[in-house]
Every structure is written in structure tokens, then in C-alpha cells.
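See structure below.
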Amino acid sequence: MNLEQALPEPALGDCVRCFQQRRAHIRGALAAYPIAARPDLFLEFYLQDPYMVRIGDAAAPEIVPNSVVVGPCTQLRAQLVLSGKLDVFTIQFRPAGFHQLFRTPMDEFADQAFDARLVIGPKFRDFEEKLACASSFEERASVASAFLFECLTERSGGDAVAAVANRFLSKRGVLGIADAAAEAGLSVRQFERQFSEQVGVPPKLYARIVRFNAALEAKMSAPRRLWTDIAHDFGYYDQMHMVRDFEDFTGENPTAFIRRLEAMPESWA
């Protein structure tokens with residue numbers, strides 16, 4: 001797999017985390033790659049052979065539309081089944097970035113992927129065509145930046161809830177909801193409602209998913225680290241608390257899920 005990544009221009013930084021491009025030629029079908037809970041919300045384009053996704057226990061995978069808006073995942077409900085020539089361009093948004101740009105209520109985006117044309121509307125088609133014609137990653141990132149600049153409004157970015165949502169990432173999920181609400185200048189109930197509308201999941205669940213992903217990444221990058229040390233470093237009450245999160249978000253205990261990931265030919269998701 002070839003992976004390229006670029007940061008957005010500063011004016012887009014409040015809404016966009018990065019641009020990515022993945023290219024691979026997979027002969028035969030890749031063993032189904034499990035998609036565990038994850039906090040990311042992104043806009044993705046499949047520019048050669050399509051993605052296929054198996055939902056739940058379905059016997060046959062579904063073909064994904066050419067461009068999709070993918071919301072945060074709160075559980076393991078889908079697996080990627082990849083084959084052929086893959087050329088994927090991704091816009092990774094900040095937690096509330098998509099909402100800030102397009103003013104779309106995100107409450108129904110959790111565990112869902114929607115056809116981007118239906119979500120964004122008529123202006124999206126021209127952008128999609130220009131992106132498909134771009135010949136390099138740098139050109140694609142430039143085309144994407146130009147489109148996103150057109151979507152910027154006076155209300156894009158600068159929102160207190162959006163800023164606190166970013167803090168959940170920087171704090172690796174270790175941020176109390178009452179403290180987060182106070183930072184945003186809201187009551188807990190107001191904060192929870194506005195956070196769900198902008199991010200797609202309630203803040204407490206979002207914080208758990210962020211922390212779970214940080215713990216998973218820590219183990220994948222340093223396999224010899226003990227689970228007890230990881231649980232302590234990421235603010236879990238004890239190791240069993242972390243194990244319960246893994247079971248909720250992957251359906252398996254930490255060791256079993258890591259074993260599944262390590263059996264994949266290479267990480268893609």
C-alpha cells in the first residue's frame with residue numbers, strides 16, 4: 001500500500017485534519033478487515049475499483065458508492081473486503097468539522113455511510129468530476145481545498161463546542177463531561193445536545209471511543225507493552241475496565257482483536 005498525507009491550509013484547519021491518498025493493487029480478495037469503533041468522520045472517494053463492505057453477518061458484501069460521507073463508528077458492525085486496483089482519496093475532518101462546513105445535523109451519521117452527492121447536494125458533482133480528473137495527490141488536495149474554501153461561511157469554525165470536541169482528541173478521551181461543558185460555557189444538558197448534533201455521537205461515548213482507539217494504537221505500535229501499563233497510561237480505572245471497552249467496541253477481548261489485526265496482510269482502514 002502507498003499512503004500519502006498532507007495537512008490543510010491554515011484557513012481550513014478548524015474544520016479539516018488532513019488529506020490522504022491510498023493506492024494498492026490487491027490480487028484476489030483481502031481477508032475481511034474489521035472496522036472497530038472509531039471517532040473519525042471523513043469524506044472518501046473511490047477513484048478506481050470500488051470498495052466492498054460486509055455489514056454484520058451478511059453473506060455477500062455491498063458495493064460502496066463512488067463517494068461517501070462516513071460517520072463515527074460506535075461498534076464493530078462492518079468489515080472491508082478489498083480487491084483489485086484501489087485508489088482512494090480521503091478528507092479527514094475534525095470532530096465537528098463537517099458540521100461547521102456544511103451545517104448538516106450529524107445526529108444520524110453514527111455507524112452510517114451516506115452517498116456524498118445526496119448529503120452535500122448539486123455543487124458536489126462538479127467537485128467530484130474535477131477530483132477524478134486530477135493526476136496527482138497534490139492536485140487532488142488542491143482541488144479539495146478549493147471546494148472546501150467555497151463552503152466556508154462566517155459561521156464555519158470558531159464554535160465553542162467544536163473547540164472542546166477537538167480537546168477530546170488531544171486529551172485522548174480523558175476529559176470529564178462536566179469540565180468539557182464548562183469549557184464550552186454551557187450546561188451539561190446543552191453541551192450534550194449540541195455535541196451530538198455537531199459530532200454525531202454523545203460526548204461520553206465519543207470520549208470512550210477516542211480513548212479506546214488511543215489504547216489500541218499504543219499496543220499496535222509497541223506490541224511488547226503490557227496491557228496493564230496501557231490501561232494505566234490511558235486513564236482506565238483498571239485493566240478490566242479497558243477490556244470491557246474493547247468488548248463493547250470490537251466484540252472481542254484486546255488480545256483476540258489485536259491477533260485479528262495482525263493477521264491482515266497490511267493495515268488499510
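Residues in the C-alpha cells are named by chain (A, B, ... in the order shown) and by number from 1 within that chain; ligands are numbered from 1 in the order shown.
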Residue contacts of Pro61 in chain A (6 Å, only C-alpha atoms) excluding same-chain residues fewer than 3 positions away, as a ChimeraX atom specification: /A:52-54
DSSP strand (DSSP E) residues within range 8-116 of chain A, listed as a VMD selection string: chain A and resid 16 to 26 33 to 35 41 to 46 52 to 55 62 to 63 67 to 70 78 to 80 84 to 93 113 to 115
Write out as a PDB file with C-alpha atoms, in the first residue's frame the residues lying within 10 Å of range 131-140 of chain A, counting only C-alpha atoms and excluding same-chain residues fewer than 6 positions away.
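This went into part_15.pdb:
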ATOM      1  CA  GLU A   4       0.337   9.934   1.132  1.00  0.00           C
ATOM      2  CA  GLN A   5      -0.870  12.590   3.552  1.00  0.00           C
ATOM      3  CA  ALA A   6      -0.973  16.385   3.627  1.00  0.00           C
ATOM      4  CA  PHE A  19      -5.985  14.888   3.203  1.00  0.00           C
ATOM      5  CA  GLN A  20      -4.948  11.295   2.485  1.00  0.00           C
ATOM      6  CA  GLN A  21      -4.453   9.100  -0.542  1.00  0.00           C
ATOM      7  CA  ARG A  22      -4.158   5.308  -0.501  1.00  0.00           C
ATOM      8  CA  PHE A  45     -13.660   8.949  -2.902  1.00  0.00           C
ATOM      9  CA  TYR A  46     -13.069   5.616  -4.666  1.00  0.00           C
ATOM     10  CA  LEU A  47     -11.405   6.521  -7.946  1.00  0.00           C
ATOM     11  CA  GLN A  48     -10.647   3.098  -9.451  1.00  0.00           C
ATOM     12  CA  PHE A  89      -8.755   9.932  -1.660  1.00  0.00           C
ATOM     13  CA  THR A  90      -9.926  10.936   1.815  1.00  0.00           C
ATOM     14  CA  ARG A 125     -20.905  16.812  -8.596  1.00  0.00           C
ATOM     15  CA  ALA A 146     -10.685  24.979  -3.385  1.00  0.00           C
TER      16      ALA A 146
END
Contact residues around Ile120 in chain A with only C-alpha atoms at 8 Å, ignoring same-chain residues under 4 positions, as a ChimeraX atom specification: /A:102,116,124
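Nearest residue to Asp87 in chain A among A:Gln75, A:Pro65, A:Tyr51, A:Asp111 is A:Tyr51, counting only C-alpha atoms.
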Contacts of range 92-99 of chain A at 10 Å (only C-alpha atoms; same-chain gap of 2+ positions) as a PyMOL selection string: chain A and resi 7-8+12-20+39-44+69-72+89-90+101-106+156-157+159+161-169+195-200+206
Exercise: Ala37 in chain A partners within 10 Å, only C-alpha atoms, chain neighbours under 3 positions left out, as a ChimeraX atom specification: /A:34,40,72-77,111,206,208-210,212-213,245-246,248-250
Please produce an output containing C-alpha atoms for each residue in the selection, written as an mmCIF file, in the first residue's frame.
data_model
loop_
_atom_site.group_PDB
_atom_site.id
_atom_site.type_symbol
_atom_site.label_atom_id
_atom_site.label_comp_id
_atom_site.auth_asym_id
_atom_site.auth_seq_id
_atom_site.Cartn_x
_atom_site.Cartn_y
_atom_site.Cartn_z
ATOM 1 C CA PRO A 34 -12.681 -5.465 10.808
ATOM 2 C CA ASP A 40 -13.298 9.706 12.695
ATOM 3 C CA PRO A 72 -18.111 7.868 13.588
ATOM 4 C CA CYS A 73 -18.375 4.146 14.407
ATOM 5 C CA THR A 74 -19.622 3.096 17.840
ATOM 6 C CA GLN A 75 -19.278 -0.675 17.386
ATOM 7 C CA LEU A 76 -17.861 -3.302 15.065
ATOM 8 C CA ARG A 77 -20.636 -3.705 12.515
ATOM 9 C CA ASP A 111 -22.428 3.935 12.208
ATOM 10 C CA TYR A 206 -17.174 9.807 21.978
ATOM 11 C CA ARG A 208 -14.692 6.352 25.351
ATOM 12 C CA ILE A 209 -14.149 5.680 21.634
ATOM 13 C CA VAL A 210 -11.250 8.142 21.464
ATOM 14 C CA PHE A 212 -10.139 3.033 23.133
ATOM 15 C CA ASN A 213 -8.537 3.986 19.812
ATOM 16 C CA ASP A 245 -14.417 -1.186 26.314
ATOM 17 C CA PHE A 246 -12.665 -3.494 23.847
ATOM 18 C CA ASP A 248 -18.088 -3.209 23.540
ATOM 19 C CA PHE A 249 -16.217 -1.727 20.565
ATOM 20 C CA THR A 250 -14.823 -4.857 18.882
#
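Counting only C-alpha atoms and comparing A:Val174, A:Ala11, A:Val64, A:Leu186, the residue that lies closest to Glu150 in chain A is A:Ala11.
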Among listed residues A:Met242, A:Ala181, A:Val201, A:Ile258, nearest Glu217 in chain A (using only C-alpha atoms): A:Ile258
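When only C-alpha atoms are used to measure the gap to Pro50 in chain A, the shortest distance among A:Leu86, A:Ala78, A:Ala144, A:Ala36 belongs to A:Leu86.
One distance worth recording is that between CA of Leu3 in chain A and CA of Ser83 in chain A, which is 16.8 Å.
Nearest to Ile26 in chain A of all the residues A:Ala58, A:Ala218, A:Leu82, A:Ile230 is A:Leu82, counting only C-alpha atoms.
Between CA of Arg117 in chain A and CA of Thr153 in chain A the interatomic distance comes to 20.1 Å.
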Filtered DSSP result for range 47-263 of chain A, state alpha helix (DSSP H), as a ChimeraX atom specification: /A:97-102,116-120,123-133,137-151,160-170,177-184,188-199,203-221,227-233,239-250,254-262
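Note that CA of Ala32 in chain A and CA of Arg260 in chain A are 10.0 Å apart.
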